[in-house]
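Engineer: Please find entry_27.cif (mmCIF, C-alpha atoms and all ligand atoms) on the next line:
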data_work
#
loop_
_atom_site.label_atom_id
_atom_site.label_comp_id
_atom_site.auth_asym_id
_atom_site.auth_seq_id
_atom_site.Cartn_x
_atom_site.Cartn_y
_atom_site.Cartn_z
CA MET A 1 -39.25 -5.87 49.33
CA LYS A 2 -41.95 -6.26 46.75
CA LYS A 3 -40.42 -3.42 44.80
CA VAL A 4 -36.98 -5.02 44.87
CA LEU A 5 -38.39 -8.32 43.69
CA LEU A 6 -40.20 -6.63 40.92
CA PHE A 7 -36.98 -4.93 39.97
CA PHE A 8 -35.16 -8.28 39.68
CA VAL A 9 -37.97 -9.82 37.74
CA THR A 10 -37.95 -6.96 35.34
CA ILE A 11 -34.21 -7.27 34.73
CA LEU A 12 -34.45 -10.97 34.04
CA PHE A 13 -37.26 -10.41 31.66
CA TYR A 14 -35.32 -7.86 29.68
CA THR A 15 -32.22 -9.96 29.72
CA SER A 16 -34.03 -12.97 28.42
CA SER A 17 -35.81 -10.86 25.87
CA LEU A 18 -32.46 -9.46 24.74
CA ALA A 19 -30.98 -12.96 24.54
CA GLN A 20 -33.90 -14.05 22.44
CA THR A 21 -33.46 -11.12 20.11
CA VAL A 22 -29.74 -11.86 19.73
CA ALA A 23 -30.47 -15.52 19.04
CA VAL A 24 -33.06 -14.66 16.40
CA LYS A 25 -30.67 -12.18 14.80
CA GLN A 26 -27.93 -14.79 14.70
CA LEU A 27 -30.26 -17.25 13.03
CA GLU A 28 -31.24 -14.66 10.47
CA PHE A 29 -27.60 -13.80 9.87
CA THR A 30 -26.60 -17.45 9.33
CA LYS A 31 -29.54 -17.87 7.01
CA THR A 32 -28.57 -14.74 5.10
CA VAL A 33 -25.00 -15.95 4.61
CA ILE A 34 -26.15 -19.33 3.28
CA ASP A 35 -28.87 -17.94 1.04
CA MET A 36 -26.94 -14.88 -0.02
CA GLN A 37 -26.96 -14.45 -3.74
CA ARG A 38 -23.39 -13.93 -4.84
CA PRO A 39 -22.71 -11.78 -7.86
CA LYS A 40 -21.84 -14.00 -10.81
CA LEU A 41 -19.31 -11.46 -11.91
CA VAL A 42 -17.35 -8.72 -10.16
CA VAL A 43 -15.90 -6.07 -12.45
CA GLY A 44 -13.12 -3.81 -11.16
CA ILE A 45 -12.38 -0.73 -13.25
CA VAL A 46 -9.36 1.49 -12.74
CA VAL A 47 -9.16 4.71 -14.73
CA ASP A 48 -5.51 5.68 -14.96
CA GLN A 49 -4.78 9.20 -13.64
CA MET A 50 -8.46 10.02 -13.08
CA ARG A 51 -8.88 12.96 -10.72
CA TYR A 52 -12.00 12.98 -8.56
CA ASP A 53 -12.98 16.40 -9.93
CA TYR A 54 -13.41 14.99 -13.46
CA LEU A 55 -16.69 13.61 -12.12
CA THR A 56 -17.93 17.04 -11.11
CA ARG A 57 -16.12 19.25 -13.66
CA PHE A 58 -17.56 17.44 -16.69
CA TYR A 59 -20.80 16.29 -14.97
CA ASN A 60 -23.12 18.34 -17.14
CA LYS A 61 -21.51 17.01 -20.30
CA TYR A 62 -21.81 13.31 -19.35
CA GLY A 63 -24.67 11.11 -20.52
CA ASN A 64 -26.95 9.28 -18.08
CA ASP A 65 -25.57 5.77 -18.55
CA GLY A 66 -21.84 6.14 -17.82
CA PHE A 67 -20.28 7.91 -14.83
CA LYS A 68 -23.68 9.33 -13.87
CA ARG A 69 -25.21 5.87 -13.63
CA LEU A 70 -22.55 4.94 -11.06
CA LEU A 71 -22.86 8.22 -9.18
CA ASN A 72 -26.65 8.17 -9.03
CA GLY A 73 -27.29 4.46 -8.66
CA GLY A 74 -24.33 3.33 -6.58
CA PHE A 75 -22.31 4.27 -3.54
CA ASN A 76 -19.72 7.03 -3.75
CA CYS A 77 -16.77 6.93 -1.37
CA GLU A 78 -15.61 10.54 -1.27
CA ASN A 79 -13.46 10.67 1.83
CA ALA A 80 -10.58 8.51 0.61
CA HIS A 81 -6.88 9.23 1.13
CA TYR A 82 -3.61 7.76 -0.06
CA ASN A 83 -1.56 6.33 2.78
CA TYR A 84 1.60 5.75 0.78
CA ILE A 85 3.99 7.29 -1.73
CA PRO A 86 4.73 7.37 -4.60
CA THR A 87 1.29 7.52 -6.24
CA TYR A 88 2.37 5.85 -9.47
CA THR A 89 0.52 3.40 -11.71
CA ALA A 90 1.99 0.10 -10.51
CA VAL A 91 1.83 1.11 -6.86
CA GLY A 92 -1.77 2.27 -7.22
CA HIS A 93 -2.99 -0.86 -8.97
CA ALA A 94 -1.21 -3.14 -6.49
CA SER A 95 -2.59 -1.18 -3.53
CA ILE A 96 -6.19 -1.21 -4.83
CA TYR A 97 -6.22 -4.95 -5.47
CA THR A 98 -4.17 -6.16 -2.48
CA GLY A 99 -5.77 -3.70 -0.08
CA THR A 100 -2.43 -2.90 1.46
CA THR A 101 0.54 -0.56 1.09
CA PRO A 102 3.87 -0.86 -0.78
CA GLU A 103 5.69 -1.85 2.40
CA TYR A 104 3.62 -5.06 2.41
CA HIS A 105 2.80 -5.74 -1.26
CA GLY A 106 6.33 -4.91 -2.43
CA ILE A 107 5.46 -2.78 -5.49
CA ILE A 108 7.22 0.44 -4.50
CA GLY A 109 7.31 2.10 -7.94
CA ASN A 110 6.89 1.43 -11.64
CA ASN A 111 10.64 1.06 -11.83
CA TRP A 112 12.81 1.11 -8.78
CA TYR A 113 16.35 0.77 -7.55
CA GLN A 114 16.89 -2.76 -6.27
CA LYS A 115 19.37 -2.13 -3.50
CA TYR A 116 20.43 -5.76 -3.14
CA GLU A 117 21.28 -6.24 -6.83
CA LYS A 118 22.27 -2.57 -7.15
CA LYS A 119 20.28 -2.09 -10.37
CA TYR A 120 17.01 -0.66 -11.68
CA ILE A 121 14.15 -3.08 -12.23
CA TYR A 122 10.69 -2.78 -13.78
CA CYS A 123 7.80 -3.95 -11.60
CA VAL A 124 6.51 -6.81 -13.80
CA ASP A 125 9.60 -7.79 -15.82
CA ASP A 126 10.42 -11.48 -15.40
CA GLY A 127 13.08 -13.14 -17.58
CA ASP A 128 11.91 -16.61 -16.54
CA PHE A 129 8.98 -16.37 -18.96
CA ILE A 130 8.50 -15.77 -22.67
CA SER A 131 6.18 -13.57 -24.66
CA ILE A 132 2.97 -15.19 -25.92
CA GLY A 133 1.24 -13.68 -28.96
CA ALA A 134 4.11 -11.48 -30.16
CA GLU A 135 7.90 -11.56 -30.30
CA ASP A 136 8.35 -8.97 -27.54
CA GLY A 137 6.54 -7.40 -24.68
CA GLY A 138 5.43 -10.49 -22.77
CA ARG A 139 8.31 -11.52 -20.52
CA LYS A 140 6.32 -10.53 -17.45
CA SER A 141 4.81 -11.83 -14.24
CA PRO A 142 3.31 -10.56 -10.97
CA ARG A 143 6.04 -12.24 -8.90
CA ARG A 144 7.51 -9.05 -7.45
CA MET A 145 4.17 -8.44 -5.74
CA VAL A 146 4.38 -10.34 -2.46
CA SER A 147 0.81 -10.27 -1.14
CA THR A 148 -2.47 -11.63 -2.48
CA THR A 149 -5.05 -9.73 -4.53
CA ILE A 150 -8.86 -9.88 -4.33
CA GLY A 151 -8.71 -12.31 -7.26
CA ASP A 152 -6.24 -14.57 -5.45
CA GLU A 153 -8.47 -14.64 -2.38
CA LEU A 154 -11.50 -15.39 -4.56
CA LYS A 155 -9.64 -18.32 -6.17
CA MET A 156 -8.84 -19.76 -2.74
CA ALA A 157 -12.31 -19.11 -1.32
CA GLN A 158 -13.97 -20.95 -4.23
CA ASN A 159 -11.51 -23.85 -4.29
CA LYS A 160 -9.87 -22.70 -7.53
CA LYS A 161 -13.24 -22.38 -9.30
CA GLY A 162 -14.38 -19.14 -10.88
CA LYS A 163 -12.24 -17.26 -13.37
CA VAL A 164 -10.03 -14.26 -12.70
CA ILE A 165 -8.91 -12.19 -15.69
CA GLY A 166 -7.02 -8.88 -15.96
CA LEU A 167 -6.71 -6.66 -19.02
CA SER A 168 -5.39 -3.25 -19.95
CA ILE A 169 -3.28 -1.31 -22.42
CA LYS A 170 -0.40 -1.31 -19.90
CA ASP A 171 1.17 -4.61 -18.86
CA ARG A 172 1.52 -3.62 -15.19
CA SER A 173 -2.14 -2.52 -15.05
CA ALA A 174 -3.30 -5.92 -16.35
CA ILE A 175 -0.86 -8.11 -14.40
CA LEU A 176 -0.90 -6.69 -10.88
CA PRO A 177 -4.73 -6.46 -10.51
CA ALA A 178 -5.21 -10.01 -11.83
CA GLY A 179 -2.89 -11.37 -9.14
CA HIS A 180 -0.84 -14.56 -8.93
CA ALA A 181 -3.48 -17.24 -9.42
CA ALA A 182 -5.21 -15.54 -12.38
CA ASP A 183 -6.49 -17.51 -15.36
CA GLY A 184 -5.18 -14.88 -17.71
CA SER A 185 -3.90 -11.36 -18.06
CA TYR A 186 -3.62 -9.49 -21.35
CA TRP A 187 -2.11 -6.19 -22.42
CA PHE A 188 -1.62 -4.26 -25.65
CA GLN A 189 1.55 -4.62 -27.66
CA GLY A 190 1.84 -1.55 -29.92
CA LYS A 191 4.71 -0.93 -32.34
CA ASP A 192 4.02 -2.97 -35.50
CA GLU A 193 1.88 -5.58 -33.69
CA GLY A 194 -1.34 -3.91 -32.54
CA LYS A 195 -2.35 -6.99 -30.53
CA PHE A 196 -3.29 -8.11 -27.05
CA ILE A 197 -0.61 -10.46 -25.74
CA THR A 198 0.32 -12.31 -22.56
CA SER A 199 3.19 -14.14 -20.82
CA SER A 200 4.05 -17.84 -20.51
CA TYR A 201 3.55 -17.27 -16.77
CA TYR A 202 -0.18 -17.78 -17.54
CA MET A 203 -0.36 -20.01 -20.61
CA ASP A 204 1.50 -21.38 -23.63
CA ASN A 205 -0.88 -20.11 -26.31
CA LEU A 206 -3.38 -17.28 -26.60
CA PRO A 207 -6.97 -18.54 -26.23
CA LYS A 208 -8.95 -18.63 -29.47
CA TRP A 209 -11.10 -15.65 -28.46
CA VAL A 210 -7.95 -13.51 -28.04
CA GLN A 211 -6.54 -14.68 -31.36
CA ASP A 212 -9.88 -13.90 -33.01
CA PHE A 213 -9.97 -10.45 -31.41
CA ASN A 214 -6.45 -9.72 -32.67
CA LYS A 215 -7.61 -10.55 -36.19
CA ASN A 216 -10.84 -8.54 -36.09
CA GLY A 217 -9.32 -5.36 -37.54
CA LYS A 218 -10.27 -3.06 -34.63
CA ALA A 219 -6.69 -1.93 -33.90
CA LYS A 220 -6.19 -1.18 -37.59
CA GLU A 221 -9.42 0.78 -37.70
CA TYR A 222 -8.48 2.90 -34.66
CA VAL A 223 -4.90 3.58 -35.78
CA ASN A 224 -6.13 4.93 -39.10
CA THR A 225 -8.85 7.19 -37.78
CA THR A 226 -8.79 10.90 -37.03
CA TRP A 227 -9.27 12.04 -33.46
CA ASN A 228 -11.57 15.01 -33.39
CA THR A 229 -13.67 16.28 -30.50
CA LEU A 230 -16.82 14.27 -29.82
CA TYR A 231 -18.92 17.45 -29.62
CA ASP A 232 -18.34 20.95 -30.99
CA ILE A 233 -15.09 22.15 -29.42
CA GLU A 234 -16.72 25.51 -28.66
CA THR A 235 -18.89 23.75 -26.10
CA TYR A 236 -15.82 22.50 -24.17
CA THR A 237 -15.97 25.42 -21.78
CA GLU A 238 -14.54 23.47 -18.83
CA SER A 239 -11.00 23.37 -20.25
CA ILE A 240 -8.41 25.93 -21.37
CA GLU A 241 -7.74 26.92 -25.00
CA ASP A 242 -6.86 24.10 -27.40
CA ASN A 243 -3.59 25.68 -28.43
CA ASN A 244 -1.67 26.42 -25.24
CA LYS A 245 2.00 26.28 -24.33
CA PHE A 246 1.61 23.73 -21.54
CA GLU A 247 1.06 20.76 -23.85
CA GLY A 248 3.37 18.25 -25.48
CA LEU A 249 3.35 17.59 -29.23
CA PHE A 250 2.98 14.44 -31.26
CA LYS A 251 6.01 14.03 -33.49
CA GLY A 252 5.23 15.45 -36.91
CA LYS A 253 2.54 17.87 -35.68
CA GLU A 254 3.19 21.57 -35.29
CA THR A 255 0.52 22.42 -32.73
CA PRO A 256 -1.20 20.50 -29.91
CA THR A 257 -4.60 21.01 -31.51
CA PHE A 258 -7.51 19.05 -32.91
CA PRO A 259 -7.92 17.25 -35.26
CA TYR A 260 -5.28 14.53 -34.89
CA ASN A 261 -4.90 12.54 -38.08
CA LEU A 262 -3.58 9.26 -36.65
CA LYS A 263 -3.07 7.70 -40.06
CA LYS A 264 -0.57 10.46 -40.80
CA LEU A 265 0.97 10.62 -37.34
CA LYS A 266 1.39 6.91 -36.61
CA LYS A 267 4.63 6.47 -38.56
CA ASP A 268 6.55 8.94 -36.38
CA ASN A 269 4.81 7.93 -33.16
CA GLY A 270 5.45 4.22 -32.82
CA ASN A 271 2.79 2.96 -35.26
CA TYR A 272 0.21 1.09 -33.09
CA ASP A 273 1.67 2.73 -29.97
CA ILE A 274 -0.19 5.92 -30.91
CA ILE A 275 -3.47 4.18 -29.99
CA LYS A 276 -2.35 4.18 -26.36
CA ALA A 277 -2.06 7.97 -26.34
CA VAL A 278 -5.56 8.73 -27.66
CA PRO A 279 -9.05 7.80 -26.37
CA TYR A 280 -9.29 4.85 -28.78
CA GLY A 281 -6.87 3.06 -26.44
CA ASN A 282 -9.74 3.00 -23.93
CA THR A 283 -12.27 2.01 -26.56
CA ILE A 284 -10.24 -0.99 -27.69
CA VAL A 285 -9.87 -2.10 -24.05
CA LYS A 286 -13.66 -1.85 -23.69
CA ASP A 287 -14.10 -3.91 -26.88
CA PHE A 288 -11.58 -6.45 -25.59
CA ALA A 289 -13.29 -6.65 -22.16
CA GLU A 290 -16.57 -7.52 -23.90
CA ALA A 291 -14.76 -10.19 -25.95
CA ALA A 292 -13.31 -11.59 -22.70
CA ILE A 293 -16.75 -11.83 -21.07
CA ILE A 294 -18.09 -13.77 -24.04
CA GLY A 295 -14.92 -15.78 -24.73
CA GLU A 296 -14.48 -16.88 -21.12
CA ASN A 297 -18.22 -17.13 -20.31
CA LEU A 298 -17.74 -14.77 -17.39
CA GLY A 299 -20.70 -14.35 -15.09
CA GLN A 300 -22.60 -17.34 -16.46
CA THR A 301 -22.11 -19.94 -13.69
CA GLU A 302 -24.60 -20.46 -10.85
CA ASN A 303 -23.15 -20.04 -7.35
CA LEU A 304 -19.74 -19.00 -8.60
CA THR A 305 -18.18 -15.59 -8.87
CA ASP A 306 -15.84 -14.60 -11.71
CA PHE A 307 -13.63 -11.53 -11.55
CA LEU A 308 -12.67 -9.18 -14.37
CA ALA A 309 -10.11 -6.43 -13.67
CA ILE A 310 -10.08 -3.73 -16.35
CA SER A 311 -7.75 -0.75 -16.44
CA PHE A 312 -8.22 2.16 -18.82
CA SER A 313 -4.75 3.62 -19.41
CA SER A 314 -5.16 6.12 -22.24
CA THR A 315 -6.42 8.81 -19.88
CA ASP A 316 -2.95 8.71 -18.28
CA TYR A 317 -1.07 9.10 -21.59
CA VAL A 318 -3.35 11.98 -22.60
CA GLY A 319 -2.98 13.61 -19.17
CA HIS A 320 0.81 13.44 -19.32
CA GLN A 321 1.00 14.85 -22.82
CA PHE A 322 -1.65 17.56 -22.70
CA GLY A 323 -2.23 18.34 -19.01
CA VAL A 324 -5.31 18.06 -16.82
CA ASP A 325 -6.90 21.29 -18.08
CA SER A 326 -6.61 20.49 -21.78
CA LYS A 327 -9.39 20.07 -24.32
CA GLU A 328 -7.80 16.68 -25.05
CA ILE A 329 -8.42 15.50 -21.47
CA GLN A 330 -11.99 16.75 -21.54
CA ASP A 331 -12.66 14.91 -24.79
CA SER A 332 -11.00 11.74 -23.44
CA TYR A 333 -13.37 11.70 -20.45
CA LEU A 334 -16.46 12.43 -22.54
CA ARG A 335 -15.49 9.53 -24.78
CA LEU A 336 -14.70 7.26 -21.83
CA ASP A 337 -18.13 8.11 -20.42
CA LYS A 338 -19.67 6.78 -23.65
CA ASP A 339 -17.46 3.67 -23.60
CA LEU A 340 -18.53 3.01 -20.01
CA ALA A 341 -22.20 3.44 -20.91
CA ASP A 342 -21.81 0.95 -23.77
CA PHE A 343 -20.01 -1.47 -21.48
CA PHE A 344 -22.60 -1.23 -18.69
CA ASN A 345 -25.38 -1.87 -21.21
CA PHE A 346 -23.43 -4.86 -22.50
CA LEU A 347 -23.13 -6.21 -18.94
CA ASP A 348 -26.88 -5.75 -18.35
CA GLU A 349 -27.62 -7.70 -21.48
CA LYS A 350 -25.04 -10.49 -21.32
CA VAL A 351 -24.60 -11.00 -17.59
CA GLY A 352 -27.87 -9.54 -16.31
CA LYS A 353 -28.54 -6.41 -14.28
CA ASP A 354 -28.71 -8.18 -10.93
CA ASN A 355 -25.87 -10.59 -11.55
CA TYR A 356 -22.82 -8.36 -11.38
CA THR A 357 -21.14 -5.95 -8.99
CA LEU A 358 -18.90 -3.24 -10.36
CA PHE A 359 -16.53 -0.69 -8.86
CA LEU A 360 -14.62 2.14 -10.47
CA THR A 361 -11.63 3.93 -9.01
CA ALA A 362 -8.29 5.47 -10.01
CA ASP A 363 -4.69 4.42 -9.39
CA HIS A 364 -3.64 8.05 -8.78
CA ALA A 365 -4.52 11.51 -10.01
CA ALA A 366 -2.43 14.32 -11.52
CA VAL A 367 -1.53 17.88 -10.67
CA GLN A 368 -2.11 20.84 -12.98
CA VAL A 369 0.92 21.63 -15.14
CA PRO A 370 3.17 23.61 -12.72
CA SER A 371 4.12 26.20 -15.36
CA TYR A 372 0.39 26.81 -15.94
CA LEU A 373 -0.12 27.24 -12.19
CA GLN A 374 2.70 29.78 -12.19
CA THR A 375 0.79 31.88 -14.74
CA LEU A 376 -2.01 32.00 -12.15
CA LYS A 377 0.60 33.09 -9.54
CA ILE A 378 -0.03 29.87 -7.61
CA PRO A 379 3.14 28.71 -5.81
CA SER A 380 4.46 25.72 -7.74
CA GLY A 381 7.54 24.31 -9.39
CA TYR A 382 9.44 21.23 -10.43
CA PHE A 383 11.50 18.84 -8.34
CA ASP A 384 14.91 18.27 -9.92
CA ASN A 385 16.19 14.86 -8.88
CA SER A 386 19.80 15.31 -10.04
CA ASP A 387 19.99 18.81 -8.58
CA PHE A 388 18.75 17.34 -5.31
CA LYS A 389 21.39 14.60 -5.42
CA ASN A 390 24.17 17.11 -6.14
CA LYS A 391 23.11 19.33 -3.24
CA ALA A 392 22.84 16.39 -0.88
CA ASN A 393 26.29 15.15 -1.86
CA ALA A 394 27.77 18.63 -1.45
CA PHE A 395 26.32 18.75 2.05
CA LEU A 396 27.74 15.33 2.94
CA GLU A 397 31.14 16.33 1.54
CA ASP A 398 31.12 19.45 3.64
CA GLN A 399 29.83 17.79 6.79
CA TYR A 400 31.43 14.35 6.71
CA LYS A 401 34.16 14.68 4.07
CA SER A 402 32.49 12.03 1.96
CA ASP A 403 30.65 12.52 -1.34
CA ASP A 404 29.46 8.97 -1.89
CA LEU A 405 27.31 8.24 1.14
CA ILE A 406 24.23 8.41 -1.08
CA GLU A 407 23.99 5.47 -3.44
CA ASN A 408 20.76 6.31 -5.23
CA VAL A 409 17.88 8.78 -5.21
CA SER A 410 14.65 7.61 -6.88
CA ASN A 411 10.89 7.49 -6.29
CA PHE A 412 11.34 10.13 -3.55
CA GLN A 413 13.56 7.76 -1.61
CA ILE A 414 17.19 8.04 -0.61
CA PHE A 415 19.28 4.88 -0.61
CA LEU A 416 22.42 5.29 1.50
CA ASN A 417 25.57 3.40 0.64
CA LYS A 418 25.53 1.06 3.62
CA GLU A 419 29.20 0.09 3.36
CA LYS A 420 30.31 3.71 3.24
CA VAL A 421 27.97 4.59 6.09
CA LYS A 422 29.48 1.78 8.14
CA GLU A 423 32.99 3.03 7.37
CA PHE A 424 32.10 6.53 8.32
CA MET A 425 30.13 5.45 11.38
CA GLY A 426 33.12 3.51 12.66
CA GLU A 427 34.78 6.68 13.88
CA TYR A 428 31.63 7.80 15.60
CA GLU A 429 30.93 4.54 17.38
CA GLU A 430 33.82 5.37 19.65
CA LYS A 431 31.98 8.53 20.51
CA GLN A 432 28.90 6.44 21.42
CA ILE A 433 26.58 7.78 18.73
CA LYS A 434 24.07 5.29 17.50
CA GLU A 435 24.05 4.64 13.74
CA ASP A 436 20.33 5.22 13.26
CA ILE A 437 20.39 8.58 15.03
CA ALA A 438 23.26 9.79 12.86
CA ILE A 439 21.56 8.59 9.64
CA GLN A 440 18.33 10.30 10.66
CA LYS A 441 20.24 13.49 11.33
CA ALA A 442 21.87 13.36 7.89
CA VAL A 443 18.51 12.76 6.20
CA ASP A 444 16.85 15.60 8.13
CA VAL A 445 19.59 18.05 7.17
CA ILE A 446 19.52 16.97 3.51
CA VAL A 447 15.75 17.27 3.27
CA ASN A 448 15.75 20.64 5.04
CA SER A 449 18.48 21.99 2.77
CA VAL A 450 16.26 21.28 -0.24
CA VAL A 451 13.04 22.53 1.35
CA GLU A 452 14.72 25.80 2.38
CA LYS A 453 15.80 26.36 -1.21
ZN ZN B 1 -1.31 5.43 -13.55
#
Represent the structure of the file as structure tokens.
Ligand SMILES: [Zn+2]

Structural biologist:
Amino acid sequence: MKKVLLFFVTILFYTSSLAQTVAVKQLEFTKTVIDMQRPKLVVGIVVDQMRYDYLTRFYNKYGNDGFKRLLNGGFNCENAHYNYIPTYTAVGHASIYTGTTPEYHGIIGNNWYQKYEKKYIYCVDDGDFISIGAEDGGRKSPRRMVSTTIGDELKMAQNKKGKVIGLSIKDRSAILPAGHAADGSYWFQGKDEGKFITSSYYMDNLPKWVQDFNKNGKAKEYVNTTWNTLYDIETYTESIEDNNKFEGLFKGKETPTFPYNLKKLKKDNGNYDIIKAVPYGNTIVKDFAEAAIIGENLGQTENLTDFLAISFSSTDYVGHQFGVDSKEIQDSYLRLDKDLADFFNFLDEKVGKDNYTLFLTADHAAVQVPSYLQTLKIPSGYFDNSDFKNKANAFLEDQYKSDDLIENVSNFQIFLNKEKVKEFMGEYEEKQIKEDIAIQKAVDVIVNSVVEK
């Protein structure tokens, strides 16, 4: 009996001790939340088309203050996977900043087939607004994105206080990350302008700091420079030969090789647009981000968090033109590493080391050039959209005596002509076959016919 009593006493003691511990923990937690020092500024950086292996492949060539500072001083999330297709720029940026997938945020491609209007649309085009800062290029908004971004949530959480700004070379990469409630979003208008512009969705005039930046001569300086490798090209041992047949050419240049005299090439390559396709497109975005921090006083207010979303797009243009194994890509990342180092030092100085939180990620990656992979005997090839559509239609003609059941094929999606499907399903309904089963069957056969090829 004594033993049993002791047993009960012991249990009570532990229980009460546990309850006490929980209570103390809760108190500490509440205290932590109240006293928690919020970052005065959160900086989100997206590097367009950055593969994870650029961190490791070029590691020994990077300085200590750029990518390496993040890798060695921060947290590195390595086990990340895409849970959607297609992995394109607009979809990637929207997914990063909304935290959800295209089904929910609505950005299913850069351009896509709008099945209700039966036409192609561009993700951020919006004819309800006008261009601010230049004649063209600014009739945009984030209104096709139908969920909130981190910036939107921050605006609501802080009762509309705290600034949210997005900026990039590409309009979609500035607009989608900034979200709906943003204070501003700016992107680069090339052609004969060479300026950062915006849309009347956000404001009626460019702020003075943007106007001043546009007059500072940086774009002019970059468009008249010569792009050569940052270090001796012989030391670029992580990439294939400079002159290879897997690269695209700038108009007016015979070989895809360094140096690139932009002053000479700009006329045939869209004037200021050429900046986008070389590393200086990233540098000017870095310069502009610094101007935004100063111009908008970002990260300077006690107990408030501002948000700056930056996207570096030039890596994507260079990747598309020269391929992921090119000397041009290697040089672009070595230069971006330097731009990042400069920018982080700027943040330390202007915002303060302990006052900001920063993350860096990519909207998608890129595959090696398939024809290059074929030279290594690695199974690879190209997907031919129109060939696919022809084959699918031939199959449907053969099987169902109809060659217009498919309305559109784009972004790896098949849009069936619903009216035609209904017509054709009518006959089958009598035979008690459900519409969805028949459609699934058609899709399976079409996909298999291509895969078997
Ligand atoms: Zn992209």

Engineer: Name each residue within 7 Å of ligand ZN 1 (chain B), counting all atoms listed in the file, as a PyMOL selection string.

Structural biologist: chain A and resi 48-49+88-90+316+363-364

Engineer: Please produce an output containing C-alpha atoms for each residue in the selection, written as a PDB file, in the frame of the given file.

Structural biologist:
ATOM      1  CA  ASP A  48      -5.510   5.680 -14.960  1.00  0.00           C
ATOM      2  CA  GLN A  49      -4.780   9.200 -13.640  1.00  0.00           C
ATOM      3  CA  TYR A  88       2.370   5.850  -9.470  1.00  0.00           C
ATOM      4  CA  THR A  89       0.520   3.400 -11.710  1.00  0.00           C
ATOM      5  CA  ALA A  90       1.990   0.100 -10.510  1.00  0.00           C
ATOM      6  CA  ASP A 316      -2.950   8.710 -18.280  1.00  0.00           C
ATOM      7  CA  ASP A 363      -4.690   4.420  -9.390  1.00  0.00           C
ATOM      8  CA  HIS A 364      -3.640   8.050  -8.780  1.00  0.00           C
TER       9      HIS A 364
END

Engineer: For Ile329 in chain A, please output as an mmCIF file with C-alpha atoms, in the coordinates of the input all residues within 7 Å (counting only C-alpha atoms; exclusion window: fewer than 4 positions along the same chain).

Structural biologist:
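Writing done, so here's part.cif:
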data_model
loop_
_atom_site.group_PDB
_atom_site.id
_atom_site.type_symbol
_atom_site.label_atom_id
_atom_site.label_comp_id
_atom_site.auth_asym_id
_atom_site.auth_seq_id
_atom_site.Cartn_x
_atom_site.Cartn_y
_atom_site.Cartn_z
ATOM 1 C CA VAL A 318 -3.350 11.980 -22.600
ATOM 2 C CA GLY A 319 -2.980 13.610 -19.170
ATOM 3 C CA VAL A 324 -5.310 18.060 -16.820
ATOM 4 C CA ASP A 325 -6.900 21.290 -18.080
ATOM 5 C CA TYR A 333 -13.370 11.700 -20.450
#

Engineer: What is the distance, in Å and to one decimal place, between CA of Ala182 in chain A and CA of Lys155 in chain A?

Structural biologist: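 The value is 8.1 Å.
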
Engineer: Given the choices A:Phe344, A:Tyr400, A:Phe307, A:Phe188, which gets closest to Lys276 in chain A if the distance is worked out from all atoms listed in the file?

Structural biologist: A:Phe188

Engineer: Report as a ChimeraX atom specification all protein, DNA and RNA residues lying within 7 Å of range 190-206 of chain A, evaluated on only C-alpha atoms, omitting residues in the same chain fewer than 4 positions from it.

Structural biologist: /A:129-134,138-141,183-186,210-211,214,219,270-273

Engineer: Choose the residue, out of A:Lys218, A:Lys327, A:Lys264, A:Lys208, that has the smallest atom-to-atom separation from Glu234 in chain A; count only C-alpha atoms.

Structural biologist: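 That would be A:Lys327, the residue with the smallest distance to Glu234 in chain A.
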
Engineer: Choose the residue, out of A:Ala181, A:Glu117, A:Gln399, A:His105, that has the smallest atom-to-atom separation from Asn159 in chain A; count all atoms listed in the file.

Structural biologist: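 Between A:Ala181, A:Glu117, A:Gln399, A:His105, the residue approaching Asn159 in chain A most closely is A:Ala181.
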
Engineer: Do you know which residues are at most 12 Å from Leu70 in chain A counting only C-alpha atoms, after dropping those on the same chain fewer than 5 positions away, and could you put them as a PDB file with C-alpha atoms, keeping the file's coordinate frame?

Structural biologist:
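Contents of selection.pdb, freshly written:
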ATOM      1  CA  ILE A  45     -12.380  -0.730 -13.250  1.00  0.00           C
ATOM      2  CA  LEU A  55     -16.690  13.610 -12.120  1.00  0.00           C
ATOM      3  CA  TYR A  62     -21.810  13.310 -19.350  1.00  0.00           C
ATOM      4  CA  GLY A  63     -24.670  11.110 -20.520  1.00  0.00           C
ATOM      5  CA  ASN A  64     -26.950   9.280 -18.080  1.00  0.00           C
ATOM      6  CA  ASP A  65     -25.570   5.770 -18.550  1.00  0.00           C
ATOM      7  CA  PHE A  75     -22.310   4.270  -3.540  1.00  0.00           C
ATOM      8  CA  ASN A  76     -19.720   7.030  -3.750  1.00  0.00           C
ATOM      9  CA  CYS A  77     -16.770   6.930  -1.370  1.00  0.00           C
ATOM     10  CA  ASP A 337     -18.130   8.110 -20.420  1.00  0.00           C
ATOM     11  CA  LEU A 340     -18.530   3.010 -20.010  1.00  0.00           C
ATOM     12  CA  ALA A 341     -22.200   3.440 -20.910  1.00  0.00           C
ATOM     13  CA  PHE A 344     -22.600  -1.230 -18.690  1.00  0.00           C
ATOM     14  CA  THR A 357     -21.140  -5.950  -8.990  1.00  0.00           C
ATOM     15  CA  LEU A 358     -18.900  -3.240 -10.360  1.00  0.00           C
ATOM     16  CA  PHE A 359     -16.530  -0.690  -8.860  1.00  0.00           C
ATOM     17  CA  LEU A 360     -14.620   2.140 -10.470  1.00  0.00           C
ATOM     18  CA  THR A 361     -11.630   3.930  -9.010  1.00  0.00           C
TER      19      THR A 361
END
